[in-house]
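Here's run14.cif, which has mmCIF, C-alpha atoms:
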data_protein
loop_
_atom_site.group_PDB
_atom_site.id
_atom_site.type_symbol
_atom_site.label_atom_id
_atom_site.label_comp_id
_atom_site.auth_asym_id
_atom_site.auth_seq_id
_atom_site.Cartn_x
_atom_site.Cartn_y
_atom_site.Cartn_z
ATOM 1 C CA MET A 93 9.139 218.645 -33.975
ATOM 2 C CA THR A 94 9.268 218.514 -30.185
ATOM 3 C CA GLN A 95 11.261 216.076 -28.143
ATOM 4 C CA ASP A 96 9.469 213.051 -26.701
ATOM 5 C CA VAL A 97 11.034 211.269 -23.744
ATOM 6 C CA ALA A 98 10.474 207.694 -22.537
ATOM 7 C CA ALA A 99 12.605 206.684 -19.556
ATOM 8 C CA ASN A 100 16.155 207.563 -20.636
ATOM 9 C CA LEU A 101 15.279 207.688 -24.353
ATOM 10 C CA THR A 102 14.537 210.758 -26.469
ATOM 11 C CA VAL A 103 13.320 211.028 -30.063
ATOM 12 C CA ARG A 104 14.196 214.077 -32.131
ATOM 13 C CA LEU A 105 15.543 215.197 -35.485
ATOM 14 C CA ALA A 106 19.287 215.527 -36.029
ATOM 15 C CA GLU A 107 20.394 219.071 -35.285
ATOM 16 C CA THR A 108 24.107 219.041 -36.120
ATOM 17 C CA ALA A 109 26.623 217.413 -38.443
ATOM 18 C CA GLU A 110 27.774 215.378 -35.428
ATOM 19 C CA ASP A 111 24.237 214.012 -35.030
ATOM 20 C CA VAL A 112 24.211 212.882 -38.661
ATOM 21 C CA ARG A 113 27.633 211.230 -38.344
ATOM 22 C CA ALA A 114 26.412 209.368 -35.250
ATOM 23 C CA ALA A 115 23.436 208.080 -37.239
ATOM 24 C CA GLN A 116 25.762 207.045 -40.082
ATOM 25 C CA ALA A 117 27.992 205.210 -37.592
ATOM 26 C CA LEU A 118 24.993 203.314 -36.221
ATOM 27 C CA ARG A 119 23.900 202.440 -39.750
ATOM 28 C CA TYR A 120 27.388 201.130 -40.515
ATOM 29 C CA ARG A 121 27.432 198.896 -37.431
ATOM 30 C CA VAL A 122 23.992 197.478 -38.181
ATOM 31 C CA PHE A 123 24.099 197.128 -41.965
ATOM 32 C CA TYR A 124 27.729 196.217 -42.573
ATOM 33 C CA GLU A 125 29.086 194.716 -39.351
ATOM 34 C CA ASN A 126 25.926 192.929 -38.164
ATOM 35 C CA MET A 127 24.002 192.210 -41.379
ATOM 36 C CA GLY A 128 26.844 191.556 -43.819
ATOM 37 C CA ALA A 129 26.307 194.333 -46.374
ATOM 38 C CA ALA A 130 29.310 195.193 -48.546
ATOM 39 C CA PRO A 131 30.762 198.658 -47.788
ATOM 40 C CA SER A 132 32.835 200.756 -50.151
ATOM 41 C CA GLU A 133 36.499 201.218 -49.278
ATOM 42 C CA GLU A 134 35.822 204.711 -47.955
ATOM 43 C CA MET A 135 32.879 203.534 -45.846
ATOM 44 C CA ALA A 136 35.022 200.760 -44.348
ATOM 45 C CA ARG A 137 37.822 203.190 -43.611
ATOM 46 C CA ARG A 138 35.552 205.737 -41.932
ATOM 47 C CA LYS A 139 33.157 203.186 -40.359
ATOM 48 C CA LEU A 140 30.219 205.223 -41.658
ATOM 49 C CA ASP A 141 27.297 204.408 -43.953
ATOM 50 C CA PHE A 142 26.776 207.465 -46.149
ATOM 51 C CA ASP A 143 25.649 208.526 -49.606
ATOM 52 C CA ARG A 144 24.741 211.682 -51.523
ATOM 53 C CA PHE A 145 21.213 211.736 -50.109
ATOM 54 C CA ASP A 146 22.234 212.288 -46.491
ATOM 55 C CA ASP A 147 22.831 216.010 -46.992
ATOM 56 C CA PHE A 148 19.253 216.572 -48.183
ATOM 57 C CA CYS A 149 17.367 214.375 -45.701
ATOM 58 C CA ASP A 150 16.050 214.852 -42.205
ATOM 59 C CA HIS A 151 17.454 212.255 -39.823
ATOM 60 C CA LEU A 152 15.163 210.992 -37.071
ATOM 61 C CA LEU A 153 17.091 209.858 -33.995
ATOM 62 C CA VAL A 154 16.370 207.931 -30.825
ATOM 63 C CA VAL A 155 18.945 209.050 -28.268
ATOM 64 C CA SER A 156 19.863 207.173 -25.085
ATOM 65 C CA GLN A 157 21.179 209.091 -22.081
ATOM 66 C CA THR A 158 22.014 206.330 -19.598
ATOM 67 C CA ALA A 159 23.432 208.707 -16.989
ATOM 68 C CA PRO A 160 24.317 212.416 -16.821
ATOM 69 C CA GLU A 161 28.019 211.645 -16.658
ATOM 70 C CA PHE A 162 27.948 209.677 -19.940
ATOM 71 C CA PRO A 163 27.594 211.210 -23.424
ATOM 72 C CA PRO A 164 24.302 210.600 -25.282
ATOM 73 C CA GLU A 165 24.223 207.669 -27.707
ATOM 74 C CA ILE A 166 22.240 207.310 -30.947
ATOM 75 C CA VAL A 167 20.429 203.947 -30.719
ATOM 76 C CA GLY A 168 17.829 204.236 -33.488
ATOM 77 C CA THR A 169 17.447 206.194 -36.712
ATOM 78 C CA TYR A 170 15.260 206.734 -39.777
ATOM 79 C CA ARG A 171 16.095 208.821 -42.845
ATOM 80 C CA LEU A 172 13.297 211.068 -44.149
ATOM 81 C CA LEU A 173 13.169 212.809 -47.539
ATOM 82 C CA ARG A 174 10.204 214.946 -48.610
ATOM 83 C CA ARG A 175 9.257 215.217 -52.270
ATOM 84 C CA SER A 176 9.412 219.022 -52.156
ATOM 85 C CA ARG A 177 13.039 218.682 -51.094
ATOM 86 C CA ALA A 178 13.924 215.778 -53.403
ATOM 87 C CA VAL A 179 12.808 217.504 -56.609
ATOM 88 C CA GLU A 180 15.052 220.464 -55.806
ATOM 89 C CA THR A 181 18.137 218.435 -54.902
ATOM 90 C CA SER A 182 18.943 214.736 -55.074
ATOM 91 C CA GLY A 183 15.806 212.980 -56.258
ATOM 92 C CA PHE A 184 14.696 209.890 -54.353
ATOM 93 C CA TYR A 185 16.976 207.042 -53.271
ATOM 94 C CA SER A 186 14.334 204.500 -54.367
ATOM 95 C CA ALA A 187 14.545 205.754 -57.961
ATOM 96 C CA ALA A 188 17.651 203.578 -58.425
ATOM 97 C CA GLU A 189 15.369 200.526 -58.076
ATOM 98 C CA PHE A 190 11.852 201.657 -59.017
ATOM 99 C CA ASP A 191 10.193 203.904 -61.587
ATOM 100 C CA LEU A 192 8.589 206.505 -59.342
ATOM 101 C CA ASP A 193 6.940 208.550 -62.102
ATOM 102 C CA PRO A 194 3.452 207.265 -61.138
ATOM 103 C CA LEU A 195 3.828 208.983 -57.763
ATOM 104 C CA LYS A 196 3.674 212.325 -59.556
ATOM 105 C CA LYS A 197 -0.067 211.691 -59.786
ATOM 106 C CA PHE A 198 -0.398 211.470 -56.010
ATOM 107 C CA PRO A 199 -1.449 214.837 -54.546
ATOM 108 C CA GLY A 200 0.135 216.581 -51.592
ATOM 109 C CA GLU A 201 3.474 216.067 -49.890
ATOM 110 C CA VAL A 202 5.089 212.631 -50.293
ATOM 111 C CA LEU A 203 7.729 211.264 -47.923
ATOM 112 C CA GLU A 204 10.417 208.666 -48.613
ATOM 113 C CA LEU A 205 11.552 206.686 -45.561
ATOM 114 C CA GLY A 206 14.751 204.668 -45.487
ATOM 115 C CA ARG A 207 17.916 203.597 -43.696
ATOM 116 C CA SER A 208 15.897 202.429 -40.699
ATOM 117 C CA CYS A 209 17.909 200.657 -38.014
ATOM 118 C CA VAL A 210 18.131 200.110 -34.250
ATOM 119 C CA ASP A 211 21.170 199.199 -32.163
ATOM 120 C CA PRO A 212 20.920 195.436 -31.381
ATOM 121 C CA ALA A 213 21.229 196.202 -27.647
ATOM 122 C CA PHE A 214 18.113 198.425 -27.806
ATOM 123 C CA ARG A 215 15.741 196.388 -29.953
ATOM 124 C CA ASP A 216 12.746 196.588 -27.687
ATOM 125 C CA ARG A 217 9.284 198.072 -27.943
ATOM 126 C CA ALA A 218 10.258 201.408 -26.401
ATOM 127 C CA VAL A 219 12.711 202.345 -29.171
ATOM 128 C CA LEU A 220 10.349 201.257 -31.956
ATOM 129 C CA GLN A 221 7.468 203.176 -30.407
ATOM 130 C CA LEU A 222 9.582 206.308 -30.178
ATOM 131 C CA LEU A 223 10.651 205.990 -33.826
ATOM 132 C CA TRP A 224 7.009 205.688 -34.863
ATOM 133 C CA LYS A 225 6.030 208.566 -32.603
ATOM 134 C CA GLY A 226 8.706 210.676 -34.273
ATOM 135 C CA ILE A 227 7.462 209.686 -37.739
ATOM 136 C CA SER A 228 3.880 210.474 -36.701
ATOM 137 C CA ASP A 229 4.873 213.955 -35.559
ATOM 138 C CA TYR A 230 6.798 214.466 -38.797
ATOM 139 C CA LEU A 231 3.749 213.455 -40.866
ATOM 140 C CA MET A 232 1.667 216.074 -39.091
ATOM 141 C CA ASP A 233 4.291 218.813 -39.108
ATOM 142 C CA ASN A 234 4.824 218.452 -42.872
ATOM 143 C CA ARG A 235 1.260 217.526 -43.922
ATOM 144 C CA ILE A 236 2.382 214.255 -45.522
ATOM 145 C CA THR A 237 -0.248 212.443 -47.624
ATOM 146 C CA LEU A 238 1.822 209.399 -48.638
ATOM 147 C CA MET A 239 4.951 207.726 -47.267
ATOM 148 C CA PHE A 240 6.955 205.133 -49.167
ATOM 149 C CA GLY A 241 10.324 203.434 -49.399
ATOM 150 C CA CYS A 242 12.253 200.274 -50.179
ATOM 151 C CA ALA A 243 11.396 197.499 -47.726
ATOM 152 C CA SER A 244 13.704 194.493 -47.628
ATOM 153 C CA PHE A 245 13.616 190.737 -47.319
ATOM 154 C CA PRO A 246 16.967 189.514 -45.958
ATOM 155 C CA GLY A 247 18.883 187.171 -48.251
ATOM 156 C CA LEU A 248 18.671 186.483 -51.978
ATOM 157 C CA ASP A 249 16.868 183.118 -52.065
ATOM 158 C CA LEU A 250 13.715 183.914 -54.030
ATOM 159 C CA ASP A 251 12.362 180.400 -53.578
ATOM 160 C CA GLN A 252 12.497 180.800 -49.803
ATOM 161 C CA MET A 253 10.430 183.994 -49.928
ATOM 162 C CA ALA A 254 8.126 182.901 -52.775
ATOM 163 C CA GLY A 255 5.037 182.623 -50.576
ATOM 164 C CA ALA A 256 5.480 186.026 -48.955
ATOM 165 C CA LEU A 257 6.256 187.803 -52.236
ATOM 166 C CA SER A 258 3.284 186.167 -53.943
ATOM 167 C CA TYR A 259 0.993 187.103 -51.057
ATOM 168 C CA LEU A 260 2.050 190.747 -51.329
ATOM 169 C CA HIS A 261 1.520 190.705 -55.100
ATOM 170 C CA TYR A 262 -1.977 189.214 -54.957
ATOM 171 C CA TYR A 263 -3.371 190.865 -51.830
ATOM 172 C CA HIS A 264 -1.543 194.158 -51.301
ATOM 173 C CA SER A 265 -0.816 195.722 -54.703
ATOM 174 C CA ALA A 266 -0.983 199.514 -54.824
ATOM 175 C CA PRO A 267 -3.643 201.185 -57.007
ATOM 176 C CA ALA A 268 -2.569 200.993 -60.645
ATOM 177 C CA ASP A 269 -2.667 204.760 -61.276
ATOM 178 C CA TRP A 270 0.124 205.499 -58.762
ATOM 179 C CA ARG A 271 1.867 202.120 -58.490
ATOM 180 C CA PRO A 272 5.695 202.297 -58.835
ATOM 181 C CA ARG A 273 7.281 199.552 -60.923
ATOM 182 C CA ALA A 274 10.690 197.960 -60.562
ATOM 183 C CA LEU A 275 13.046 199.187 -63.281
ATOM 184 C CA ASP A 276 13.007 196.892 -66.312
ATOM 185 C CA GLU A 277 16.672 195.924 -65.980
ATOM 186 C CA ARG A 278 16.207 195.018 -62.310
ATOM 187 C CA TYR A 279 12.647 193.656 -62.378
ATOM 188 C CA VAL A 280 11.996 190.444 -60.402
ATOM 189 C CA LYS A 281 8.465 189.083 -60.591
ATOM 190 C CA MET A 282 6.669 188.713 -57.269
ATOM 191 C CA ASP A 283 3.973 186.220 -58.303
ATOM 192 C CA ARG A 284 6.274 183.279 -57.660
ATOM 193 C CA MET A 285 3.349 180.840 -57.347
ATOM 194 C CA PRO A 286 -0.338 180.731 -58.371
ATOM 195 C CA LYS A 287 -2.704 182.625 -56.093
ATOM 196 C CA GLU A 288 -4.576 179.491 -55.047
ATOM 197 C CA GLN A 289 -1.340 177.949 -53.744
ATOM 198 C CA VAL A 290 -0.501 180.848 -51.427
ATOM 199 C CA ASP A 291 -0.831 179.951 -47.737
ATOM 200 C CA MET A 292 -1.629 183.367 -46.280
ATOM 201 C CA ARG A 293 -0.809 182.450 -42.689
ATOM 202 C CA GLN A 294 2.523 180.955 -43.653
ATOM 203 C CA ALA A 295 3.286 183.939 -45.884
ATOM 204 C CA LEU A 296 2.735 186.318 -42.970
ATOM 205 C CA ARG A 297 4.959 184.191 -40.741
ATOM 206 C CA GLU A 298 7.724 184.504 -43.349
ATOM 207 C CA MET A 299 7.248 188.269 -43.701
ATOM 208 C CA PRO A 300 9.897 190.584 -42.197
ATOM 209 C CA PRO A 301 8.460 192.351 -39.119
ATOM 210 C CA LEU A 302 8.897 195.826 -40.607
ATOM 211 C CA ILE A 303 6.850 194.918 -43.689
ATOM 212 C CA LYS A 304 4.138 193.356 -41.525
ATOM 213 C CA GLY A 305 4.040 196.531 -39.482
ATOM 214 C CA TYR A 306 3.463 198.647 -42.580
ATOM 215 C CA LEU A 307 0.757 196.275 -43.811
ATOM 216 C CA ARG A 308 -1.100 196.818 -40.528
ATOM 217 C CA LEU A 309 -1.005 200.529 -41.315
ATOM 218 C CA GLY A 310 -2.680 199.945 -44.667
ATOM 219 C CA GLY A 311 0.519 199.461 -46.646
ATOM 220 C CA VAL A 312 0.477 198.495 -50.329
ATOM 221 C CA ILE A 313 3.205 197.265 -52.685
ATOM 222 C CA GLY A 314 4.584 198.357 -56.043
ATOM 223 C CA ASP A 315 4.952 196.150 -59.118
ATOM 224 C CA GLY A 316 7.951 193.824 -58.969
ATOM 225 C CA ALA A 317 10.876 193.350 -56.607
ATOM 226 C CA VAL A 318 14.583 194.193 -56.942
ATOM 227 C CA ILE A 319 17.696 192.291 -55.848
ATOM 228 C CA ASP A 320 20.143 194.469 -53.905
ATOM 229 C CA ASP A 321 23.504 192.709 -53.992
ATOM 230 C CA VAL A 322 25.212 195.335 -51.806
ATOM 231 C CA PHE A 323 22.828 194.875 -48.889
ATOM 232 C CA ASN A 324 22.138 191.194 -49.630
ATOM 233 C CA THR A 325 18.378 191.780 -49.763
ATOM 234 C CA VAL A 326 15.338 191.540 -52.018
ATOM 235 C CA ASP A 327 13.522 194.889 -52.005
ATOM 236 C CA VAL A 328 9.890 195.799 -52.594
ATOM 237 C CA CYS A 329 8.441 199.293 -52.882
ATOM 238 C CA LEU A 330 6.098 199.775 -49.940
ATOM 239 C CA LEU A 331 3.631 202.671 -49.717
ATOM 240 C CA VAL A 332 1.249 203.899 -47.000
ATOM 241 C CA GLU A 333 -1.422 206.557 -47.433
ATOM 242 C CA THR A 334 -1.527 208.533 -44.217
ATOM 243 C CA GLU A 335 -5.324 208.810 -44.408
ATOM 244 C CA ASN A 336 -5.540 204.999 -44.443
ATOM 245 C CA VAL A 337 -3.665 204.520 -41.181
ATOM 246 C CA PRO A 338 -6.133 202.526 -39.049
ATOM 247 C CA LYS A 339 -7.600 204.474 -36.184
ATOM 248 C CA ARG A 340 -6.320 202.135 -33.495
ATOM 249 C CA TYR A 341 -2.726 202.713 -34.611
ATOM 250 C CA ALA A 342 -3.265 206.455 -34.965
ATOM 251 C CA LYS A 343 -4.475 206.541 -31.362
ATOM 252 C CA HIS A 344 -1.578 204.376 -30.211
ATOM 253 C CA TYR A 345 0.914 206.802 -31.662
ATOM 254 C CA GLN A 346 -0.988 209.840 -30.390
ATOM 255 C CA PHE A 347 -2.091 211.628 -33.531
ATOM 256 C CA GLU A 348 -5.718 210.469 -33.793
ATOM 257 C CA ASP A 349 -6.984 213.950 -32.970
ATOM 258 C CA LYS A 350 -5.256 215.491 -35.980
ATOM 259 C CA ILE A 351 -6.462 212.784 -38.357
ATOM 260 C CA ALA A 352 -10.007 213.319 -37.083
ATOM 261 C CA SER A 353 -9.723 217.076 -37.629
ATOM 262 C CA GLY A 354 -8.633 216.544 -41.245
ATOM 263 C CA ILE A 355 -5.093 217.861 -40.913
ATOM 264 C CA LEU A 356 -3.637 214.757 -42.586
ATOM 265 C CA LYS A 357 -6.407 214.459 -45.187
ATOM 266 C CA THR A 358 -4.998 216.943 -47.658
ATOM 267 C CA GLY A 359 -5.681 214.735 -50.687
ATOM 268 C CA PRO A 360 -8.920 213.299 -52.105
ATOM 269 C CA GLU A 361 -10.476 210.248 -50.528
ATOM 270 C CA ARG A 362 -8.981 207.017 -51.896
ATOM 271 C CA THR A 363 -9.526 203.318 -51.414
ATOM 272 C CA ARG A 364 -7.002 200.521 -51.522
ATOM 273 C CA ALA A 365 -6.810 198.371 -54.619
#

Encoded form (structure tokens):
Amino acid sequence: MTQDVAANLTVRLAETAEDVRAAQALRYRVFYENMGAAPSEEMARRKLDFDRFDDFCDHLLVVSQTAPEFPPEIVGTYRLLRRSRAVETSGFYSAAEFDLDPLKKFPGEVLELGRSCVDPAFRDRAVLQLLWKGISDYLMDNRITLMFGCASFPGLDLDQMAGALSYLHYYHSAPADWRPRALDERYVKMDRMPKEQVDMRQALREMPPLIKGYLRLGGVIGDGAVIDDVFNTVDVCLLVETENVPKRYAKHYQFEDKIASGILKTGPERTRA
């Protein structure tokens, strides 16, 4: 992956242990100090968000260099774990919430995305575009056919998110042959109301921006949601086939030429359910 620079911002993969610790420090500030997640004692002592998966993942970073005399600062991050790496080491993080066995049927390289966050002082379009540009480059470099991960609704009030969850269940379910399902002991049904009662416009207004962004890229949803008490969220399994990324978004993130040439189409043609 090559560096991509916008103004004083750069997107690249972590290169050192110090880079990873900087990403973990940003995650701690966002998830635990700003969003109210519950850290372990060791996390609170070290002011880092970390787990056993960090050692086996690639860490995408947006770095701010405000002036030559100041040290660079990590202002955005995404954690990336390829299936070829996961099966040899840690497995997938999402397996603690969802049965991922159906994904074994999906051909090619599969990528789990997670731990996405941006420093509150840098939450503008430039940082988000650079994160997506970095992901796009990573998809091409590693010939990814499917990306997936846990996507979260903030809070635990299922009634408040009933419309959005129901909308996802009825209109964006993944194909049955490779649809992950929430683990039985954690399963929360998503069809909180009858289909005819779902107000689609209102449901989209209630949808977290990140989930809406993935839906625009052709995203689909697994079966059932999961309550995450540590992060104070309700999680869904969200999946995007790289070949289904709409052309206008591919062009926006500068990899249309490689989609057109077939580089990303390493699996058979599929249609959304």

Legend entry - Near-segment 293-304 of chain A list (6 Å; only C-alpha atoms; drop same-chain fewer than 3 positions) as a ChimeraX atom specification: /A:255-256,307

Inset, instruction - Write out as a PyMOL selection string which residues come within 7 Å of Gly247 of chain A when counting only C-alpha atoms, dropping same-chain ones fewer than 3 positions away. - result: chain A and resi 324-326

Mind writing the picked residues with C-alpha atoms as a CSV table (one decimal), in the frame of the given file?
chain,number,residue,atom,x,y,z
A,324,ASN,CA,22.1,191.2,-49.6
A,325,THR,CA,18.4,191.8,-49.8
A,326,VAL,CA,15.3,191.5,-52.0

Inset, instruction - I would like the residues chosen by the PyMOL selection byres ((chain A and resi 144) around 12) on the shown file; could you give them as a PyMOL selection string? - result: chain A and resi 141-143+145-149+178+181-185

Okay, now the selection with C-alpha atoms, as a PDB file, in the frame of the given file?
ATOM      1  CA  ASP A 141      27.297 204.408 -43.953  1.00  0.00           C
ATOM      2  CA  PHE A 142      26.776 207.465 -46.149  1.00  0.00           C
ATOM      3  CA  ASP A 143      25.649 208.526 -49.606  1.00  0.00           C
ATOM      4  CA  PHE A 145      21.213 211.736 -50.109  1.00  0.00           C
ATOM      5  CA  ASP A 146      22.234 212.288 -46.491  1.00  0.00           C
ATOM      6  CA  ASP A 147      22.831 216.010 -46.992  1.00  0.00           C
ATOM      7  CA  PHE A 148      19.253 216.572 -48.183  1.00  0.00           C
ATOM      8  CA  CYS A 149      17.367 214.375 -45.701  1.00  0.00           C
ATOM      9  CA  ALA A 178      13.924 215.778 -53.403  1.00  0.00           C
ATOM     10  CA  THR A 181      18.137 218.435 -54.902  1.00  0.00           C
ATOM     11  CA  SER A 182      18.943 214.736 -55.074  1.00  0.00           C
ATOM     12  CA  GLY A 183      15.806 212.980 -56.258  1.00  0.00           C
ATOM     13  CA  PHE A 184      14.696 209.890 -54.353  1.00  0.00           C
ATOM     14  CA  TYR A 185      16.976 207.042 -53.271  1.00  0.00           C
TER      15      TYR A 185
END

Inset, instruction - Could you tell me which residues the PyMOL selection byres ((chain A and resi 216-219) around 8) grabs in this file, written as JSON, numbers by chain? - result: {"A": [98, 101, 154, 168, 210, 214, 215, 220, 221, 222, 223]}

Residues from last step as file, C-alpha atoms, as a short mmCIF file (atom, residue, chain, number, x, y, z; two decimals), in the frame of the given file:
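The result, written out as selection.cif:
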data_model
loop_
_atom_site.label_atom_id
_atom_site.label_comp_id
_atom_site.auth_asym_id
_atom_site.auth_seq_id
_atom_site.Cartn_x
_atom_site.Cartn_y
_atom_site.Cartn_z
CA ALA A 98 10.47 207.69 -22.54
CA LEU A 101 15.28 207.69 -24.35
CA VAL A 154 16.37 207.93 -30.82
CA GLY A 168 17.83 204.24 -33.49
CA VAL A 210 18.13 200.11 -34.25
CA PHE A 214 18.11 198.42 -27.81
CA ARG A 215 15.74 196.39 -29.95
CA LEU A 220 10.35 201.26 -31.96
CA GLN A 221 7.47 203.18 -30.41
CA LEU A 222 9.58 206.31 -30.18
CA LEU A 223 10.65 205.99 -33.83
#

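Among A:Tyr279, A:Tyr230, A:Asp321, A:Val328, the residue with the shortest atom-to-atom distance to Ser265 of chain A, counting only C-alpha atoms, is A:Val328.
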
Legend entry - Nearest residue to Pro164 of chain A from the set A:Val179, A:Leu140, A:Ala114, A:Cys209 (distances using only C-alpha atoms): A:Ala114

Inset, instruction - Compile the contact shell of Leu195 of chain A as a PyMOL selection string: residues with an atom at most 12 Å away, counting only C-alpha atoms, same-chain residues fewer than 2 positions apart removed. - result: chain A and resi 175+184+186-187+190-193+197-204+237-241+266-273+314+329+331+333

Legend entry - Which of A:Leu205, A:Val155, A:Ala117, A:Val112 sits closest to Lys139 of chain A [using all atoms listed in the file]: A:Ala117

Inset, instruction - Pick out the residues sitting within 12 Å of Ala213 of chain A, and hand them over as a PyMOL selection string; count all atoms listed in the file, and ignore anything fewer than 4 positions along from it in its own chain. - result: chain A and resi 118+121-122+126+156+165-168+209+219

Legend entry - For Asp283 of chain A, the nearest of the candidates A:Ile313, A:Ala106, A:His264, A:Leu257, counting all atoms listed in the file: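 Distance minimum relative to Asp283 of chain A lands on A:Leu257.
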
Legend entry - Proximity to Val318 of chain A - best of A:Arg138, A:His261, A:Arg207, A:Lys281, all atoms listed in the file: A:Lys281

Legend entry - Gap from atom CA of Met282 of chain A to atom CA of Gly316 of chain A - Å, one decimal: 5.5 Å
